[in-house]
Number of protein chains: 2
Amino acid sequence: VNRIEQLQLALGEVGADAVVLRLAENVVLATGYWPQIGGLGIVVVPREGEASLLVPEYEEPEVRTRWQGDVRLFPAIRFDGETAGAAIERLLREFAHALGLEGKPIGFEGSFDSVAPPRLDGEPNAVSGATQGLLRSTFATDQLVDVTPQLEAIRLVKSTEELDRLRVTNEIARLGLDAFKEHALAGRTEAEVAAAVESAIVAGGHGYAGTRTVRTYATIRSGPETATGWQYFLHSARKIERDDVVMLELGTCADGYWSDHTRTVIAGTASDRQREAFAAVRAAADASFAAATPGATGHEVDAASRAVVASHGFEQFPHHTGHGTGFRYHESRPQLVPESDHVLEAGMVIAIEPGIYEEGLGGFRWEDDAAVTPNGARRLAEADYGLD
Amino acid sequence: VNRIEQLQLALGEVGADAVVLRLAENVVLATGYWPQIGGLGIVVVPREGEASLLVPEYEEPEVRTRWQGDVRLFPAIRFDGETAGAAIERLLREFAHALGLEGKPIGFEGSFDSVAPPRLDGEPNAVSGATQGLLRSTFATDQLVDVTPQLEAIRLVKSTEELDRLRVTNEIARLGLDAFKEHALAGRTEAEVAAAVESAIVAGGHGYAGTRTVRTYATIRSGPETATGWQYFLHSARKIERDDVVMLELGTCADGYWSDHTRTVIAGTASDRQREAFAAVRAAADASFAAATPGATGHEVDAASRAVVASHGFEQFPHHTGHGTGFRYHESRPQLVPESDHVLEAGMVIAIEPGIYEEGLGGFRWEDDAAVTPNGARRLAEADYGLD
């Protein structure tokens with residue numbers, strides 16, 4: 001898979017002469033490089049010829065470790081000369097002129113209502129009217145072509161190198177999953193457990209297998225409220241009590257490649273029925289992964305999970321059984337839900353997360369990421385432990 | 001300050017009959033409520049009459065603690081009935097019809113190229129062509145009016161209640177600033193120190209003075225590389241050595257209200273010249289805060305800092321001296337830089353962060369947030385300690 005060639009084919013299909021990418025997830029897709037500051041990593045891909053990556057001049061050493069193509073540098077942060085904004089405008093104008101793109105249709109990221117944050121995740125960037133105005137002006141065009149559907153399609157199947165990166169992310173996430181098992185104890189607050197999980201990933205993930213930057217997003221829920229743990233739970237200062245159910249939802253990003261996990265444990269001893277619910281979601285996830293072969297539909301992968309949960313005497317909650325992941329916490333495709341006709345292909349990466357939630361019993365969900373292969377989906381990392 | 005009335009006045013100015021807000025920072029501005037999932041908290045403000053907040057049904061209890069106005073609920077996450085997307089579309093259509101807004105000019109967040117994340121910060125939302133299409137369709141209009149300039153102007157001056165919230169955020173940030181002082185030691189890695197800072201804030205911030213949810217963004221740099229610490233530094237697995245300079249850049253968000261801090265310490269003993277550099281940036285920040293009175297320009301506040309640094313025999317680096325903050329990590333106004341003609345008003349919140357960076361000496365920056373008053377800007381929290 002050559003991402004630039006895929007983008008160029010897509011440009012031919014939509015009739016655009018170049019595409020300008022400014023969202024972190026698409027810069028990663030095109031170049032393998034995860035921008036630091038949102039908006040200050042920009043890829044220009046002409047329909048023919050070489051792609052270029054624009055970044056602040058001080059990022060050049062890091063860029064060179066990830067992207068072998070053309071790099072254009074500009075000053076950033078400092079106010080004693082050309083500003084970053086002015087330099088980006090100038091560089092885009094130069095591309096437009098040098099490549100004969102003035103007045104031509106230019107592709108852009110027009111419909112990303114959800115975005116993956118850049119490394120400095122406290123202030124992500126979007127492609128709003130500001131960037132669109134910049135493209136109209138610098139390319140002297142009124143034809144901006146939304147290539148969101150093409151970008152979402154291209155990223156579905158991961159390359160061998162991307163799968164390796166995603167394995168690293170999953171291994172780093174395991175540091176947090178193991179910390180969760182260790183810290184989800186009676187007497188701790190939910191927030192303390194979340195802090196311990198994130199801390200393990202941040203402290204251990206930087207430098208892991210060459211990883212430059214790690215970001216992580218943990219949320220914890222405990223006790224009776226896990227019975228509604230299908231809601232996108234958020235931890236509080238609630239203190240975990242003995243025998244509470246404790247759930248972790250965990251997003252992790254290593255150098256731009258994402259993972260998505262859930263774990264459920266008991267801070268003490270599980271009841272028999274809790275063990276049965278736990279066994280049901282574990283078996284259901286296995287069934288979905290086994291069903292996730294090339295050619296299977298999202299509906300079939302979903303149904304495989306629900307059938308197993310039903311056979312264990314439980315009802316699987318009607319949130320999605322799973323979804324694509326990799327370049328964002330949740331990719332928009334494939335959707336692994338009832339009625340989904342998305343068709344799986346080898347090399348797609350999916351998260352499977354069946355859940356059972358019952359008043360009095362609590363919530364039970366377990367989620368891993370796996371790559372689709374002819375023999376079913378294979379987990380990208382193993383982080384296995386019991387309920388209690 | 002009544003935020004809804006301000007928005008309605010702005011609608012009159014731009015000739016729009018309503019505005020629909022979907023970015024976390026603007027939902028917070030209008031209602032005081034920080035949405036959980038990006039895009040699933042929406043405010044509709046008609047030019048006259050009552051504003052409404054649309055949220056997932058399970059968020060209602062939390063919403064009621066922050067927003068006393070009209071609330072409309074919709075299902076989310078589950079796939080066993082109307083989906084969130086379909087419900088939002090239906091609700092917006094109902095507003096358009098009930099309020100006679102069909103075919104009318106509708107305000108939207110058209111130029112937010114930088115966004116503040118919602119509570120689930122691993123997957124922020126943007127207002128892209130998807131949301132714009134939704135507004136065009138549900139309001140049966142082709143007149144979308146970009147109200148970004150109005151939103152950026154309205155939020156400049158904070159209300160008394162917002163200042164109280166920002167004080168709480170600054171107090172929570174102090175947990176991290178103090179943890180930094182405690183953990184920035186020789187033998188620790190930069191990533192470990194970042195983890196300790198974030199952990200202190202996550203573990204201690206939830207529940208602090210009624211705070212529901214805290215997010216934090218720490219980055220650390222140490223050693224000789226701090227001489228280029230004006231670059232937006234990102235920690236690595238580098239181990240801190242004895243007498244290293246260690247810098248922390250810290251963003252913190254408590255329930256939607258942001259703070260921005262920097263600290264510099266020495267992991268051992270400072271040299272005389274390092275103490276002088278440290279004293280210079282501390283005195284410079286004090287001078288800028290003193291100069292930040294109503295009527296002062298961004299240029300004057302910037303110049304006050306640079307003059308003090310020069311009088312100490314150093315050169316202040318040409319990144320900004322400061323900027324607005326509060327509803328986002330960095331608000332776009334006021335800019336406290338050379339040539340800025342932004343005029344300060346009482347109730348604005350600014351961050352001041354003069355820096356000195358010298359090869360061989362290291363980087364020295366210190367940053368606090370303060371509210372503009374007739375007597376100069378007053379820090380929102382005190383977290384003071386020495387260089388070593």
# chains A, B, ... in the order shown; residues from 1 in each chain; ligands from 1
call {"tool": "residues_around", "arguments": {"residues": "region 201-213 of chain A", "least_positions_apart": "2", "cutoff": "6 Å", "atoms": "only C-alpha atoms", "output": "ChimeraX atom specification"}}
result
/A:172,175-176,198-199,254-255 /B:191-192,195,236-237
call {"tool": "write_last_selection", "arguments": {"atoms": "N, CA and C atoms", "output": "PDB file, in the first residue's frame"}}
result
ATOM      1  N   ILE A 172       1.530  -0.748  24.316  1.00  0.00           N
ATOM      2  CA  ILE A 172       1.622   0.362  25.277  1.00  0.00           C
ATOM      3  C   ILE A 172       0.327   0.463  26.078  1.00  0.00           C
ATOM      4  N   LEU A 175       0.113  -1.570  29.180  1.00  0.00           N
ATOM      5  CA  LEU A 175       0.671  -1.035  30.435  1.00  0.00           C
ATOM      6  C   LEU A 175      -0.457  -0.462  31.288  1.00  0.00           C
ATOM      7  N   GLY A 176      -1.410   0.199  30.639  1.00  0.00           N
ATOM      8  CA  GLY A 176      -2.543   0.777  31.355  1.00  0.00           C
ATOM      9  C   GLY A 176      -3.555  -0.274  31.775  1.00  0.00           C
ATOM     10  N   GLU A 198      -3.473   6.081  33.358  1.00  0.00           N
ATOM     11  CA  GLU A 198      -2.854   7.032  32.423  1.00  0.00           C
ATOM     12  C   GLU A 198      -1.373   7.214  32.733  1.00  0.00           C
ATOM     13  N   SER A 199      -1.065   7.241  34.013  1.00  0.00           N
ATOM     14  CA  SER A 199       0.321   7.424  34.437  1.00  0.00           C
ATOM     15  C   SER A 199       1.201   6.283  33.935  1.00  0.00           C
ATOM     16  N   ALA A 254      -0.262   6.240  20.145  1.00  0.00           N
ATOM     17  CA  ALA A 254       1.207   6.267  20.103  1.00  0.00           C
ATOM     18  C   ALA A 254       1.621   6.720  18.717  1.00  0.00           C
ATOM     19  N   ASP A 255       2.229   7.886  18.656  1.00  0.00           N
ATOM     20  CA  ASP A 255       2.727   8.442  17.391  1.00  0.00           C
ATOM     21  C   ASP A 255       1.662   8.507  16.299  1.00  0.00           C
TER      22      ASP A 255
ATOM     23  N   ALA B 191       9.051  11.803  30.910  1.00  0.00           N
ATOM     24  CA  ALA B 191       7.699  11.220  30.820  1.00  0.00           C
ATOM     25  C   ALA B 191       7.172  10.877  32.213  1.00  0.00           C
ATOM     26  N   GLU B 192       8.040  10.413  33.089  1.00  0.00           N
ATOM     27  CA  GLU B 192       7.591  10.095  34.450  1.00  0.00           C
ATOM     28  C   GLU B 192       7.141  11.348  35.186  1.00  0.00           C
ATOM     29  N   ALA B 195       3.790  12.311  33.849  1.00  0.00           N
ATOM     30  CA  ALA B 195       2.768  11.405  34.386  1.00  0.00           C
ATOM     31  C   ALA B 195       2.413  11.792  35.817  1.00  0.00           C
ATOM     32  N   SER B 236      10.051  13.213  26.456  1.00  0.00           N
ATOM     33  CA  SER B 236      10.516  11.932  25.946  1.00  0.00           C
ATOM     34  C   SER B 236      10.921  11.087  27.147  1.00  0.00           C
ATOM     35  N   ALA B 237      11.581   9.968  26.859  1.00  0.00           N
ATOM     36  CA  ALA B 237      12.042   9.101  27.945  1.00  0.00           C
ATOM     37  C   ALA B 237      13.408   9.556  28.466  1.00  0.00           C
TER      38      ALA B 237
END
call {"tool": "residues_around", "arguments": {"residues": "Ala84 (chain B)", "least_positions_apart": "4", "cutoff": "8 Å", "atoms": "only C-alpha atoms", "output": "PyMOL selection string"}}
result
chain B and resi 56+74-77+88
call {"tool": "select_by_dssp", "arguments": {"residues": "region 116-317 of chain B", "states": "alpha helix (DSSP H)", "output": "VMD selection string"}}
result
chain B and resid 129 to 138 148 to 154 160 to 183 190 to 205 272 to 291 298 to 311
call {"tool": "residues_around", "arguments": {"residues": "Glu109 (chain A)", "least_positions_apart": "3", "cutoff": "6 Å", "atoms": "only C-alpha atoms", "output": "VMD selection string"}}
result
chain A and resid 146 to 148
call {"tool": "closest_residue", "arguments": {"among": "B:Leu151, B:Ala194, B:Pro124, B:Met348", "to": "Val20 (chain B)", "atoms": "only C-alpha atoms"}}
result
B:Leu151
call {"tool": "select_by_dssp", "arguments": {"residues": "region 125-297 of chain A", "states": "strand (DSSP E or B)", "output": "ChimeraX atom specification"}}
result
/A:125,144-146,157,189,214-222,239,245-254,257-266,297
call {"tool": "atom_distance", "arguments": {"atom1": "CA of Arg215 (chain B)", "atom2": "CA of Gly251 (chain B)"}}
result
8.4 Å
call {"tool": "decode", "arguments": {"residues": "region 143-155 of chain B", "atoms": "all heavy atoms", "output": "PDB file, in the first residue's frame"}}
result
ATOM      1  N   GLN B 143     -28.704  30.138   3.979  1.00  0.00           N
ATOM      2  CA  GLN B 143     -28.004  31.279   4.574  1.00  0.00           C
ATOM      3  C   GLN B 143     -27.418  30.909   5.932  1.00  0.00           C
ATOM      4  O   GLN B 143     -28.076  31.064   6.956  1.00  0.00           O
ATOM      5  CB  GLN B 143     -28.950  32.458   4.761  1.00  0.00           C
ATOM      6  CG  GLN B 143     -29.586  32.969   3.482  1.00  0.00           C
ATOM      7  CD  GLN B 143     -30.574  34.067   3.800  1.00  0.00           C
ATOM      8  OE1 GLN B 143     -30.203  35.184   4.126  1.00  0.00           O
ATOM      9  NE2 GLN B 143     -31.860  33.736   3.745  1.00  0.00           N
ATOM     10  N   LEU B 144     -26.204  30.408   5.922  1.00  0.00           N
ATOM     11  CA  LEU B 144     -25.500  30.181   7.184  1.00  0.00           C
ATOM     12  C   LEU B 144     -24.561  31.366   7.416  1.00  0.00           C
ATOM     13  O   LEU B 144     -23.800  31.752   6.528  1.00  0.00           O
ATOM     14  CB  LEU B 144     -24.706  28.872   7.135  1.00  0.00           C
ATOM     15  CG  LEU B 144     -25.539  27.592   7.026  1.00  0.00           C
ATOM     16  CD1 LEU B 144     -24.636  26.367   7.134  1.00  0.00           C
ATOM     17  CD2 LEU B 144     -26.627  27.544   8.097  1.00  0.00           C
ATOM     18  N   VAL B 145     -24.654  31.939   8.600  1.00  0.00           N
ATOM     19  CA  VAL B 145     -23.889  33.151   8.914  1.00  0.00           C
ATOM     20  C   VAL B 145     -22.814  32.793   9.937  1.00  0.00           C
ATOM     21  O   VAL B 145     -23.118  32.332  11.047  1.00  0.00           O
ATOM     22  CB  VAL B 145     -24.807  34.236   9.502  1.00  0.00           C
ATOM     23  CG1 VAL B 145     -24.007  35.506   9.789  1.00  0.00           C
ATOM     24  CG2 VAL B 145     -25.973  34.516   8.564  1.00  0.00           C
ATOM     25  N   ASP B 146     -21.565  33.015   9.573  1.00  0.00           N
ATOM     26  CA  ASP B 146     -20.452  32.700  10.469  1.00  0.00           C
ATOM     27  C   ASP B 146     -20.398  33.716  11.610  1.00  0.00           C
ATOM     28  O   ASP B 146     -20.141  34.892  11.381  1.00  0.00           O
ATOM     29  CB  ASP B 146     -19.145  32.719   9.680  1.00  0.00           C
ATOM     30  CG  ASP B 146     -17.949  32.306  10.533  1.00  0.00           C
ATOM     31  OD1 ASP B 146     -18.135  31.953  11.718  1.00  0.00           O
ATOM     32  OD2 ASP B 146     -16.819  32.336  10.001  1.00  0.00           O
ATOM     33  N   VAL B 147     -20.642  33.250  12.827  1.00  0.00           N
ATOM     34  CA  VAL B 147     -20.628  34.169  13.973  1.00  0.00           C
ATOM     35  C   VAL B 147     -19.369  33.997  14.827  1.00  0.00           C
ATOM     36  O   VAL B 147     -19.343  34.408  15.988  1.00  0.00           O
ATOM     37  CB  VAL B 147     -21.901  33.999  14.849  1.00  0.00           C
ATOM     38  CG1 VAL B 147     -23.139  34.389  14.060  1.00  0.00           C
ATOM     39  CG2 VAL B 147     -22.024  32.576  15.388  1.00  0.00           C
ATOM     40  N   THR B 148     -18.332  33.413  14.248  1.00  0.00           N
ATOM     41  CA  THR B 148     -17.084  33.231  15.003  1.00  0.00           C
ATOM     42  C   THR B 148     -16.558  34.537  15.604  1.00  0.00           C
ATOM     43  O   THR B 148     -16.217  34.574  16.798  1.00  0.00           O
ATOM     44  CB  THR B 148     -16.011  32.572  14.114  1.00  0.00           C
ATOM     45  OG1 THR B 148     -16.521  31.330  13.623  1.00  0.00           O
ATOM     46  CG2 THR B 148     -14.719  32.317  14.889  1.00  0.00           C
ATOM     47  N   PRO B 149     -16.491  35.624  14.817  1.00  0.00           N
ATOM     48  CA  PRO B 149     -15.965  36.872  15.413  1.00  0.00           C
ATOM     49  C   PRO B 149     -16.793  37.331  16.613  1.00  0.00           C
ATOM     50  O   PRO B 149     -16.244  37.827  17.598  1.00  0.00           O
ATOM     51  CB  PRO B 149     -16.053  37.877  14.255  1.00  0.00           C
ATOM     52  CG  PRO B 149     -16.098  37.042  13.010  1.00  0.00           C
ATOM     53  CD  PRO B 149     -16.810  35.777  13.387  1.00  0.00           C
ATOM     54  N   GLN B 150     -18.101  37.157  16.536  1.00  0.00           N
ATOM     55  CA  GLN B 150     -18.976  37.572  17.641  1.00  0.00           C
ATOM     56  C   GLN B 150     -18.726  36.697  18.871  1.00  0.00           C
ATOM     57  O   GLN B 150     -18.657  37.189  20.003  1.00  0.00           O
ATOM     58  CB  GLN B 150     -20.439  37.495  17.204  1.00  0.00           C
ATOM     59  CG  GLN B 150     -20.861  38.607  16.231  1.00  0.00           C
ATOM     60  CD  GLN B 150     -20.266  38.450  14.847  1.00  0.00           C
ATOM     61  OE1 GLN B 150     -20.078  37.332  14.352  1.00  0.00           O
ATOM     62  NE2 GLN B 150     -19.942  39.566  14.212  1.00  0.00           N
ATOM     63  N   LEU B 151     -18.595  35.392  18.652  1.00  0.00           N
ATOM     64  CA  LEU B 151     -18.341  34.484  19.784  1.00  0.00           C
ATOM     65  C   LEU B 151     -17.010  34.812  20.441  1.00  0.00           C
ATOM     66  O   LEU B 151     -16.885  34.812  21.672  1.00  0.00           O
ATOM     67  CB  LEU B 151     -18.358  33.031  19.296  1.00  0.00           C
ATOM     68  CG  LEU B 151     -19.743  32.503  18.894  1.00  0.00           C
ATOM     69  CD1 LEU B 151     -19.611  31.210  18.087  1.00  0.00           C
ATOM     70  CD2 LEU B 151     -20.600  32.266  20.140  1.00  0.00           C
ATOM     71  N   GLU B 152     -16.011  35.099  19.623  1.00  0.00           N
ATOM     72  CA  GLU B 152     -14.692  35.411  20.179  1.00  0.00           C
ATOM     73  C   GLU B 152     -14.709  36.731  20.942  1.00  0.00           C
ATOM     74  O   GLU B 152     -13.951  36.903  21.905  1.00  0.00           O
ATOM     75  CB  GLU B 152     -13.641  35.437  19.061  1.00  0.00           C
ATOM     76  CG  GLU B 152     -13.364  34.027  18.527  1.00  0.00           C
ATOM     77  CD  GLU B 152     -12.248  33.979  17.511  1.00  0.00           C
ATOM     78  OE1 GLU B 152     -12.006  35.011  16.837  1.00  0.00           O
ATOM     79  OE2 GLU B 152     -11.623  32.925  17.361  1.00  0.00           O
ATOM     80  N   ALA B 153     -15.551  37.639  20.515  1.00  0.00           N
ATOM     81  CA  ALA B 153     -15.637  38.938  21.205  1.00  0.00           C
ATOM     82  C   ALA B 153     -16.416  38.799  22.513  1.00  0.00           C
ATOM     83  O   ALA B 153     -16.016  39.345  23.543  1.00  0.00           O
ATOM     84  CB  ALA B 153     -16.304  39.969  20.300  1.00  0.00           C
ATOM     85  N   ILE B 154     -17.516  38.060  22.445  1.00  0.00           N
ATOM     86  CA  ILE B 154     -18.373  37.930  23.630  1.00  0.00           C
ATOM     87  C   ILE B 154     -17.625  37.296  24.798  1.00  0.00           C
ATOM     88  O   ILE B 154     -17.783  37.679  25.952  1.00  0.00           O
ATOM     89  CB  ILE B 154     -19.631  37.093  23.270  1.00  0.00           C
ATOM     90  CG1 ILE B 154     -20.601  37.930  22.434  1.00  0.00           C
ATOM     91  CG2 ILE B 154     -20.317  36.567  24.530  1.00  0.00           C
ATOM     92  CD1 ILE B 154     -21.759  37.130  21.856  1.00  0.00           C
ATOM     93  N   ARG B 155     -16.804  36.303  24.490  1.00  0.00           N
ATOM     94  CA  ARG B 155     -16.187  35.557  25.591  1.00  0.00           C
ATOM     95  C   ARG B 155     -15.006  36.261  26.234  1.00  0.00           C
ATOM     96  O   ARG B 155     -14.481  35.795  27.252  1.00  0.00           O
ATOM     97  CB  ARG B 155     -15.783  34.171  25.121  1.00  0.00           C
ATOM     98  CG  ARG B 155     -14.586  34.114  24.198  1.00  0.00           C
ATOM     99  CD  ARG B 155     -14.368  32.679  23.769  1.00  0.00           C
ATOM    100  NE  ARG B 155     -13.200  32.508  22.938  1.00  0.00           N
ATOM    101  CZ  ARG B 155     -12.864  31.348  22.363  1.00  0.00           C
ATOM    102  NH1 ARG B 155     -13.619  30.288  22.557  1.00  0.00           N
ATOM    103  NH2 ARG B 155     -11.792  31.253  21.623  1.00  0.00           N
TER     104      ARG B 155
END
